[in-house]
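Visitor: Sharing my_file.pdb (PDB, N, CA and C atoms) below.
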ATOM      1  N   MET A  54      96.975  13.713 136.325
ATOM      2  CA  MET A  54      97.155  12.731 135.295
ATOM      3  C   MET A  54      97.813  13.415 134.096
ATOM      4  N   THR A  55      98.986  13.032 133.814
ATOM      5  CA  THR A  55      99.705  13.611 132.689
ATOM      6  C   THR A  55      99.698  12.637 131.525
ATOM      7  N   LEU A  56      99.663  13.195 130.370
ATOM      8  CA  LEU A  56      99.659  12.365 129.165
ATOM      9  C   LEU A  56     101.073  12.325 128.623
ATOM     10  N   GLY A  57     101.609  11.144 128.530
ATOM     11  CA  GLY A  57     102.968  10.999 128.033
ATOM     12  C   GLY A  57     103.010  11.181 126.526
ATOM     13  N   PRO A  58     104.180  11.272 125.961
ATOM     14  CA  PRO A  58     104.292  11.439 124.511
ATOM     15  C   PRO A  58     103.779  10.219 123.763
ATOM     16  N   LEU A  59     103.089  10.481 122.657
ATOM     17  CA  LEU A  59     102.588   9.376 121.847
ATOM     18  C   LEU A  59     103.746   8.796 121.049
ATOM     19  N   HIS A  60     103.892   7.518 121.138
ATOM     20  CA  HIS A  60     104.935   6.852 120.373
ATOM     21  C   HIS A  60     104.277   6.169 119.180
ATOM     22  N   VAL A  61     104.417   6.766 118.021
ATOM     23  CA  VAL A  61     103.828   6.233 116.806
ATOM     24  C   VAL A  61     104.967   5.717 115.947
ATOM     25  N   SER A  62     104.792   4.514 115.477
ATOM     26  CA  SER A  62     105.845   3.940 114.651
ATOM     27  C   SER A  62     105.907   4.680 113.318
ATOM     28  N   ALA A  63     107.019   4.555 112.658
ATOM     29  CA  ALA A  63     107.201   5.196 111.356
ATOM     30  C   ALA A  63     106.214   4.638 110.345
ATOM     31  N   ARG A  64     105.921   3.374 110.432
ATOM     32  CA  ARG A  64     104.980   2.745 109.495
ATOM     33  C   ARG A  64     103.580   3.324 109.670
ATOM     34  N   THR A  65     103.147   3.474 110.925
ATOM     35  CA  THR A  65     101.820   4.029 111.192
ATOM     36  C   THR A  65     101.756   5.495 110.762
ATOM     37  N   ARG A  66     102.824   6.243 111.029
ATOM     38  CA  ARG A  66     102.864   7.648 110.634
ATOM     39  C   ARG A  66     102.783   7.779 109.115
ATOM     40  N   ASN A  67     103.496   6.937 108.390
ATOM     41  CA  ASN A  67     103.452   6.981 106.929
ATOM     42  C   ASN A  67     102.069   6.631 106.406
ATOM     43  N   ARG A  68     101.411   5.656 107.029
ATOM     44  CA  ARG A  68     100.044   5.306 106.611
ATOM     45  C   ARG A  68      99.091   6.472 106.839
ATOM     46  N   LEU A  69      99.240   7.166 107.962
ATOM     47  CA  LEU A  69      98.387   8.328 108.227
ATOM     48  C   LEU A  69      98.633   9.431 107.206
ATOM     49  N   ILE A  70      99.874   9.645 106.850
ATOM     50  CA  ILE A  70     100.203  10.673 105.856
ATOM     51  C   ILE A  70      99.607  10.321 104.495
ATOM     52  N   VAL A  71      99.712   9.048 104.098
ATOM     53  CA  VAL A  71      99.162   8.618 102.814
ATOM     54  C   VAL A  71      97.639   8.723 102.818
ATOM     55  N   ALA A  72      96.997   8.310 103.920
ATOM     56  CA  ALA A  72      95.538   8.396 104.007
ATOM     57  C   ALA A  72      95.074   9.849 103.940
ATOM     58  N   THR A  73      95.799  10.737 104.603
ATOM     59  CA  THR A  73      95.447  12.161 104.562
ATOM     60  C   THR A  73      95.616  12.724 103.152
ATOM     61  N   ALA A  74      96.695  12.329 102.483
ATOM     62  CA  ALA A  74      96.931  12.814 101.122
ATOM     63  C   ALA A  74      95.845  12.320 100.163
ATOM     64  N   VAL A  75      95.426  11.063 100.306
ATOM     65  CA  VAL A  75      94.373  10.517  99.444
ATOM     66  C   VAL A  75      93.050  11.225  99.710
ATOM     67  N   ALA A  76      92.729  11.462 100.970
ATOM     68  CA  ALA A  76      91.486  12.161 101.306
ATOM     69  C   ALA A  76      91.508  13.591 100.772
ATOM     70  N   LEU A  77      92.629  14.247 100.876
ATOM     71  CA  LEU A  77      92.749  15.611 100.368
ATOM     72  C   LEU A  77      92.615  15.646  98.847
ATOM     73  N   ALA A  78      93.230  14.691  98.165
ATOM     74  CA  ALA A  78      93.121  14.633  96.704
ATOM     75  C   ALA A  78      91.669  14.374  96.283
ATOM     76  N   GLY A  79      90.968  13.511  96.989
ATOM     77  CA  GLY A  79      89.558  13.250  96.678
ATOM     78  C   GLY A  79      88.698  14.483  96.886
ATOM     79  N   ALA A  80      88.958  15.217  97.958
ATOM     80  CA  ALA A  80      88.190  16.432  98.223
ATOM     81  C   ALA A  80      88.441  17.479  97.140
ATOM     82  N   VAL A  81      89.685  17.616  96.710
ATOM     83  CA  VAL A  81      90.006  18.576  95.650
ATOM     84  C   VAL A  81      89.341  18.160  94.342
ATOM     85  N   ALA A  82      89.348  16.860  94.046
ATOM     86  CA  ALA A  82      88.711  16.382  92.811
ATOM     87  C   ALA A  82      87.207  16.661  92.829
ATOM     88  N   LEU A  83      86.554  16.439  93.969
ATOM     89  CA  LEU A  83      85.118  16.732  94.069
ATOM     90  C   LEU A  83      84.850  18.228  93.919
ATOM     91  N   LEU A  84      85.707  19.038  94.495
ATOM     92  CA  LEU A  84      85.526  20.480  94.382
ATOM     93  C   LEU A  84      85.676  20.944  92.937
ATOM     94  N   ILE A  85      86.671  20.418  92.246
ATOM     95  CA  ILE A  85      86.879  20.794  90.840
ATOM     96  C   ILE A  85      85.704  20.328  89.989
ATOM     97  N   ARG A  86      85.224  19.126  90.250
ATOM     98  CA  ARG A  86      84.103  18.604  89.456
ATOM     99  C   ARG A  86      82.834  19.410  89.680
ATOM    100  N   SER A  87      82.593  19.842  90.903
ATOM    101  CA  SER A  87      81.378  20.610  91.181
ATOM    102  C   SER A  87      81.453  22.004  90.576
ATOM    103  N   LYS A  88      82.638  22.525  90.326
ATOM    104  CA  LYS A  88      82.794  23.858  89.748
ATOM    105  C   LYS A  88      82.822  23.840  88.227
ATOM    106  N   ARG A  89      82.800  22.645  87.606
ATOM    107  CA  ARG A  89      82.872  22.540  86.153
ATOM    108  C   ARG A  89      81.613  23.141  85.540
ATOM    109  N   PRO A  90      81.721  23.908  84.460
ATOM    110  CA  PRO A  90      80.526  24.519  83.868
ATOM    111  C   PRO A  90      79.573  23.458  83.320
ATOM    112  N   GLN A  91      78.302  23.713  83.523
ATOM    113  CA  GLN A  91      77.270  22.780  83.071
ATOM    114  C   GLN A  91      76.942  23.059  81.605
ATOM    115  N   PRO A  92      76.601  22.024  80.840
ATOM    116  CA  PRO A  92      76.216  22.254  79.442
ATOM    117  C   PRO A  92      74.905  23.035  79.377
ATOM    118  N   PRO A  93      74.685  23.798  78.313
ATOM    119  CA  PRO A  93      73.443  24.572  78.210
ATOM    120  C   PRO A  93      72.232  23.660  78.050
ATOM    121  N   ALA A  94      71.092  24.189  78.439
ATOM    122  CA  ALA A  94      69.850  23.430  78.307
ATOM    123  C   ALA A  94      69.551  23.201  76.828
ATOM    124  N   PRO A  95      68.967  22.063  76.484
ATOM    125  CA  PRO A  95      68.667  21.815  75.069
ATOM    126  C   PRO A  95      67.622  22.804  74.552
ATOM    127  N   ALA A  96      67.763  23.168  73.298
ATOM    128  CA  ALA A  96      66.841  24.119  72.681
ATOM    129  C   ALA A  96      65.485  23.458  72.458
ATOM    130  N   PRO A  97      64.417  24.233  72.499
ATOM    131  CA  PRO A  97      63.101  23.652  72.240
ATOM    132  C   PRO A  97      63.006  23.174  70.790
ATOM    133  N   ALA A  98      62.188  22.179  70.579
ATOM    134  CA  ALA A  98      62.034  21.615  69.231
ATOM    135  C   ALA A  98      61.384  22.647  68.312
ATOM    136  N   PRO A  99      61.873  22.782  67.090
ATOM    137  CA  PRO A  99      61.267  23.746  66.169
ATOM    138  C   PRO A  99      59.896  23.255  65.719
ATOM    139  N   PRO A 100      59.040  24.155  65.244
ATOM    140  CA  PRO A 100      57.714  23.720  64.784
ATOM    141  C   PRO A 100      57.839  22.827  63.550
ATOM    142  N   ARG A 101      56.975  21.848  63.473
ATOM    143  CA  ARG A 101      56.997  20.921  62.341
ATOM    144  C   ARG A 101      56.298  21.572  61.155
ATOM    145  N   ILE A 102      56.866  21.414  59.982
ATOM    146  CA  ILE A 102      56.277  21.967  58.763
ATOM    147  C   ILE A 102      55.848  20.797  57.885
ATOM    148  N   GLY A 103      54.619  20.869  57.382
ATOM    149  CA  GLY A 103      54.130  19.811  56.503
ATOM    150  C   GLY A 103      52.983  19.058  57.145
ATOM    151  N   TYR A 104      52.748  17.878  56.656
ATOM    152  CA  TYR A 104      51.632  17.079  57.137
ATOM    153  C   TYR A 104      51.968  16.484  58.496
ATOM    154  N   SER A 105      50.946  16.412  59.337
ATOM    155  CA  SER A 105      51.157  15.815  60.655
ATOM    156  C   SER A 105      50.882  14.320  60.574
ATOM    157  N   ARG A 106      51.464  13.588  61.443
ATOM    158  CA  ARG A 106      51.285  12.133  61.457
ATOM    159  C   ARG A 106      50.232  11.691  62.453
ATOM    160  N   ASN A 107      49.726  12.625  63.263
ATOM    161  CA  ASN A 107      48.759  12.220  64.278
ATOM    162  C   ASN A 107      47.323  12.485  63.849
ATOM    163  N   GLY A 108      47.089  12.913  62.627
ATOM    164  CA  GLY A 108      45.728  13.068  62.115
ATOM    165  C   GLY A 108      45.139  14.441  62.311
ATOM    166  N   SER A 109      45.791  15.322  63.031
ATOM    167  CA  SER A 109      45.217  16.654  63.223
ATOM    168  C   SER A 109      45.632  17.549  62.063
ATOM    169  N   ALA A 110      44.646  18.177  61.449
ATOM    170  CA  ALA A 110      44.905  19.043  60.305
ATOM    171  C   ALA A 110      45.316  20.424  60.801
ATOM    172  N   PRO A 111      46.174  21.108  60.096
ATOM    173  CA  PRO A 111      46.539  22.469  60.502
ATOM    174  C   PRO A 111      45.355  23.409  60.350
ATOM    175  N   ALA A 112      45.311  24.454  61.150
ATOM    176  CA  ALA A 112      44.210  25.418  61.093
ATOM    177  C   ALA A 112      44.299  26.195  59.775
ATOM    178  N   PRO A 113      43.178  26.352  59.085
ATOM    179  CA  PRO A 113      43.211  27.093  57.812
ATOM    180  C   PRO A 113      43.475  28.575  58.049
ATOM    181  N   VAL A 114      44.210  29.186  57.145
ATOM    182  CA  VAL A 114      44.515  30.603  57.222
ATOM    183  C   VAL A 114      43.373  31.363  56.566
ATOM    184  N   ALA A 115      42.950  32.473  57.140
ATOM    185  CA  ALA A 115      41.840  33.259  56.590
ATOM    186  C   ALA A 115      42.214  33.784  55.209
ATOM    187  N   GLY A 116      41.375  33.517  54.220
ATOM    188  CA  GLY A 116      41.607  34.006  52.874
ATOM    189  C   GLY A 116      42.560  33.145  52.068
ATOM    190  N   ALA A 117      42.903  31.992  52.551
ATOM    191  CA  ALA A 117      43.874  31.149  51.837
ATOM    192  C   ALA A 117      43.263  30.570  50.556
ATOM    193  N   GLY A 118      41.945  30.378  50.500
ATOM    194  CA  GLY A 118      41.308  29.792  49.329
ATOM    195  C   GLY A 118      41.035  30.811  48.226
ATOM    196  N   LEU A 119      41.187  32.066  48.503
ATOM    197  CA  LEU A 119      40.892  33.109  47.522
ATOM    198  C   LEU A 119      42.171  33.496  46.800
ATOM    199  N   GLU A 120      42.370  32.959  45.616
ATOM    200  CA  GLU A 120      43.624  33.220  44.940
ATOM    201  C   GLU A 120      43.575  34.525  44.145
ATOM    202  N   ASN A 121      42.528  34.719  43.316
ATOM    203  CA  ASN A 121      42.492  35.949  42.529
ATOM    204  C   ASN A 121      41.157  36.670  42.697
ATOM    205  N   GLY A 122      40.590  36.594  43.875
ATOM    206  CA  GLY A 122      39.418  37.380  44.206
ATOM    207  C   GLY A 122      38.106  36.895  43.631
ATOM    208  N   ARG A 123      37.962  35.703  43.180
ATOM    209  CA  ARG A 123      36.694  35.215  42.619
ATOM    210  C   ARG A 123      35.717  34.862  43.658
TER     211      ARG A 123
END
Can you present the structure in this file as structure tokens?
Guide:
Amino acid sequence: MTLGPLHVSARTRNRLIVATAVALAGAVALLIRSKRPQPPAPAPAPPRIGYSRNGSAPAPVAGAGLENGR
């Protein structure tokens, strides 16, 4: 059993070429997007200074009430 030559019309061949080109362009775009550098992680929130809004008082510092040794 021999396989004869495939007879593909010019229109079908052009469609295959265009489909291959579109698939290749999509693959390249995905590759470029996956290699793009990621933004850095957000920095942790700084400590709050001043009065708290949730009712918890800050811990007193040892010796904070002694201003001039009385």
Visitor: Calculate how many Å separate atom CA of Arg89 of chain A from atom CA of Thr73 of chain A, rounding to one decimal.
Guide: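 Atom CA of Arg89 of chain A sits 24.6 Å away from atom CA of Thr73 of chain A.
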Visitor: So how far away is atom N of Leu77 of chain A from atom C of Gln91 of chain A, in Å?
Guide: 26.4 Å
Visitor: What is the distance between atom N of Leu83 of chain A and atom CA of Arg68 of chain A, in Å to one decimal?
Guide: 21.6 Å
Visitor: Using the file's own x, y and z axes, so that the box edges lie along x, y and z, what centre and edge lengths in Å (one decimal) does a box around every listed atom of segment 70-81 of chain A get when 5 Å is added on each side? Give it as lines of an AutoDock Vina configuration file.
Guide:
center_x = 94.2
center_y = 13.4
center_z = 100.6
size_x = 22.0
size_y = 20.3
size_z = 22.5
